[in-house]
Structures are given as C-alpha cells and as structure tokens.
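Read the structure below first, then the notes.
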Amino acid sequence: MPDSWSEEVFRELVESAPDAMVMVDDTGTIIYVNAQIENLFGYLRTDLLGRPIECLLPERYRGKHVSQRNGYFVGPKLRPMGAGLELFAMRKDKTEFPVEISLSPLKTESTTLVTAAIRDISERRRFQEDLKRARENAEAANRLKSEFLANMSHEIRTPLAGILGYAEMIALYCSSDEERKGYMEKIRRCATNLTDLINDILDLSKVEAGALNVESVPIPLVSEIESVVNLLQARADEKQIKLEIIYDRPLPNQICSDPTRVRQILSNVLGNGIKFTDQGTVSLKVTHVKNQIQFGITDTGCGLSEEEQARLFQPFAQADSSTTRKFGGTGLGLALSRRLARALGGDLIISDSKPGKGSTFVFTVPVGSGGKVKPTLGALENLTSEKKSLRLEHLTILLAEDNPDNRELFTRFLSEEGAIVDAAKNGSEAYELAKKKKYTAIVMDMQMPILDGYEATRRLRQEGHSIPIIALTAHAMNEERERCLASGCDAFLTKPVSIDELVKTIQQLSKKR
C-alpha cells in the first residue's frame, strides 16, 4: 500500500466517489469498500471485508466468475465503465439488478490490487426498454396505418369508380329512361357507401378526441330494431342468408338513448355478420338483462381465431390484412362501434367465435328512462307524405355557394320544393344581397373566396340582421360546428346533406321567426 499520507488521500477520494467502489486482492478477497457499496448492496462494511468478491454476484455467475477473475490477474489492464458486457449484481436481500463495472489495476511492491467501480443501470435499462417498446409500437402503428391507407384507397376508389362510371354511362350511352333510372340508383348507392365510409372515419376521430356528443331521447325499441333489419334484408336475400330477430320477452316498449348511434352499431355488427356469412343464418336476439338491453348477434360465417379476436377492435386493423383477403372493409367498423357503445354507457364484445363455426357479438345499452313514445311513420312514409305538397312554397332562400355544381344542385332542390332561390357565388355577394332583400333563410357555405361564410355571417349579425342562417360545410368535425355557431349561424349541416334534412331545417327555422 502507499504511505500513510497517500493512503489517507486515497481513502478520501474513494469515499467521495459517486459510484460504489470495492477493492480486492489477487485472491479475489475484498479488502476495502466505500460508503456507496453499503447504500447500493445493503451490506455493512464489516459484512464484506474478507469475503470473496463473488458474494456480490448472483449465484448462477459465481463459479464462472472465479476463472474469469483468475484470468484477469494474469494480465490486468484498465477496463472502462460500460465495456459492452451485460453484467448483474445481487444485493443482500437477494434482489438482482443490472450494473456497469470499470476495473482499475493497482500494482504495489508485493501484489496487484484491483479497484472496481460499480454503477446501477436499472433506470437506464428501463428507459431503454421503454424506448424500445415505444419504437416497436410506433413501427406497428405505422404498419397498420400503411395497410389502412392502402385499403382505404381501395375502399374509396371503388364507390368513386361506380359514381363516375355510371355518370358517364348516363351522359353517353343511355337509350331509355328505365336504363337511366337504374344507373342513377347505382350512383346513389355508391354515394351512400362513400358517405358512410367518411362518416365512420370522422366519428372515430371524434370519439378518440372526446368530442362526440350523444343524445338521450326515447326510442321505440321494436320498431327501431325492425327498421335496421329491414334495411339489411336485401343484402341477406342477395346472399340467400336467413336474417332473423328473436325477442326474449318481456321487453320494454322503449329505451332512452341515442337512436342514431344505436342504429349505427346494430347496422355495423349485423352487416358484418351478413358479409362474413356465405350460408346459414344471421340472428339478432334481444334480451332485457339488469336494466340493459342486450343485443346478441350470431352468424354462421367464417369465425375467428384467438389471435384474430385479439386485434379485432383495434382501429385500422382487420382479422385478415392480406391483400388477397376475400372480404372488403376498412377495419373501422367494429372499433368505432365499441367506442360508440361505451359512449352510450354500454359495451360491445365478442362472446364466442371459432374458425369455420361463426361468431357471436353482444352489444349492450342501458334502458334509461323517458316519456311515452308516440307512434310515428317510417322514414319513407314520412318523406312520401310530405312530397305531396311543396314544403318550401312561398319561402325565399338565399343560397351562398362557390362551387358551381353544388350551387346548381341545391338551387334545383330548393326550387323543386317550392322556394324562390337567389344564388350567390361567394360571401361578399351573399352579404350584399342579404342587405337589400328580405329572405326567409340563408343557406351559407362557409369556405368561399373573397369573403368566407364566417365573416359574411358575422357582418350581418353585427348590423342587426336576425335572418336564420344555416351553415352548410364539408368540414364535419365538432370544432367546426362550434366555430360556425360562434360566428352567428343558427344551424349546422354537413355535406353531403339530404334534401329532406335541408328542407326540414329551413322549415324549423322559418317557424321560429
């Protein structure tokens, strides 16, 4: 050892070191430890002095370490911290932890000593593992998104091809009204499919952003169920599949929930059952259980493996993501449906599924409470009865729309319903017309050149004009609705909008004047 002065300085340096330090002789016996060793390993100094260094190692490494230690003393050399070795130490309480160790040989007149600096890298290792998991998750998410975008491109282009193709057929080749009518029905069906797809994407975004608003109104249970099933019946008939409803009575006459979302979930799950079933039955069993309505949807289709079930409710994921899969779809439907079900206070689960044997999904929704439901006509009957008269007769409407095709379309729709329509190409024209003439309502596109719909509406409100203004926009997010209403609009509709919805909105606002 060095002289007494040097030894004192040495001890002070070792004691003040940030790392745990231990000194051993050429037999591997511990001859000195600093305070950090006590803190790190839980031993007292006196517990360690005179013991072999292997007492600080997990038992499974001790035998091998003796030979490695003897080999090191044959030609000792400096080994820096973090030399690429995966090392572990063991505390007094037998817990293991990862470490980095640097070795420094010290030659004296009589022997060679080695000082080991030991650093606990548990936190760093956890950080690295978290970073690795985050990277793997990000890579998996990117793969899913890439698959989703490729699939979405197909799903969007398919109805678009139908719309454009049949429109060209009507323009160039139609020879009869009957043929033209058939092509128009195909265009309408393609456009509906495209709209449903876009709505699913927007709804999922709203749910994940916590911006989805749900209603709670009385719903006539049986008529609502049968309305959904009737809409899907044609799909089942086309595949020669039996589509049935089983009522496990007694059932309440009504529930209190969001009718749009209940229909959306049922349509999605039943539609999936029909899509994935080539023969047999798709059944909907309705049961009242503990103040909840339970919808059990069972099909005799292809079924799912446990692995496929595990990723079934993940957004943008499908049971079969290969490009050669038999069935189409975006992978959004079930993920969205589960989120909607939970937003309603219920849930959507897969209760049973086996490959080749079919699947059973269970959708639950609280019964809630509400007043009596008055009998209403179905949607088609309502539309038919209202079509007997001009619903907007004698009303004057100002339409502000910069897109010439949409301007012509909405002008024709409103005129056919009896309205007198003035059309403006931008917000500036609409603003000037509204100041000169008294209108029943303004249908205002919000994204327009020269002066947009927001500013045109604000100016009219600032000048005291109380005319009802309906925002009509292709931006369907909840923030857009709030922005339009904050600008002074009385109602908010998104494109594409049905003429029936637009007419009813105008009627409601005109009655409030």
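Following the order of the structure tokens, first chain is A, next is B, and so on, with residues numbered from 1 inside each chain and ligands from 1 in the order they appear.
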Could you name the residues that touch range 115-130 of chain A at 6 Å or less, counting only C-alpha atoms, but leaving out those on the same chain fewer than 3 positions away, as a PyMOL selection string?
chain A and resi 19-23+98-104+133
Quick check for you: according to DSSP on this backbone, which residues of range 151-315 of chain A are classed as alpha helix (DSSP H)? Reply as a ChimeraX atom specification.
/A:151-172,177-208,221-238,259-275,306-310
Which residues of range 131-177 of chain A come within 8 Å of range 193-196 of chain A, and what is each one's closest atom pair and distance in Å (one decimal), counting only C-alpha atoms, sorted by chain and residue number, as JSON lines?
```
{"residue": "A:Ile156", "atom": "CA", "partner": "A:Leu194", "partner_atom": "CA", "distance": 6.4}
{"residue": "A:Pro159", "atom": "CA", "partner": "A:Leu194", "partner_atom": "CA", "distance": 6.1}
{"residue": "A:Leu160", "atom": "CA", "partner": "A:Leu194", "partner_atom": "CA", "distance": 7.6}
```
Would you write out those residues with C-alpha atoms, as a PDB file, in the first residue's frame?
```
ATOM      1  CA  ILE A 156     -62.836   4.982 -51.529  1.00  0.00           C
ATOM      2  CA  PRO A 159     -67.617   3.654 -54.998  1.00  0.00           C
ATOM      3  CA  LEU A 160     -65.990   6.608 -56.782  1.00  0.00           C
TER       4      LEU A 160
END
```
Show me, as JSON, numbers by chain, the residues that have an atom within 9 Å of Ser16 in chain A when counting only C-alpha atoms, minus same-chain residues fewer than 3 positions from it.
{"A": [11, 12, 13, 19, 34, 35, 36]}
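Proximity of A:Leu472, A:Glu168, A:Val503, A:Asp177 to Asp490 in chain A, computed with only C-alpha atoms, is greatest for A:Leu472.
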As a ChimeraX atom specification, list the residues of range 398-477 of chain A assigned to strand (DSSP E) by DSSP on the backbone atoms of this structure.
/A:398-400,420-424,441-445,469-473
So, with only C-alpha atoms as the atoms that count, which of A:Ala423, A:Ala89, A:Leu390, A:Leu243 lies closest to Phe410 in chain A?
A:Ala423
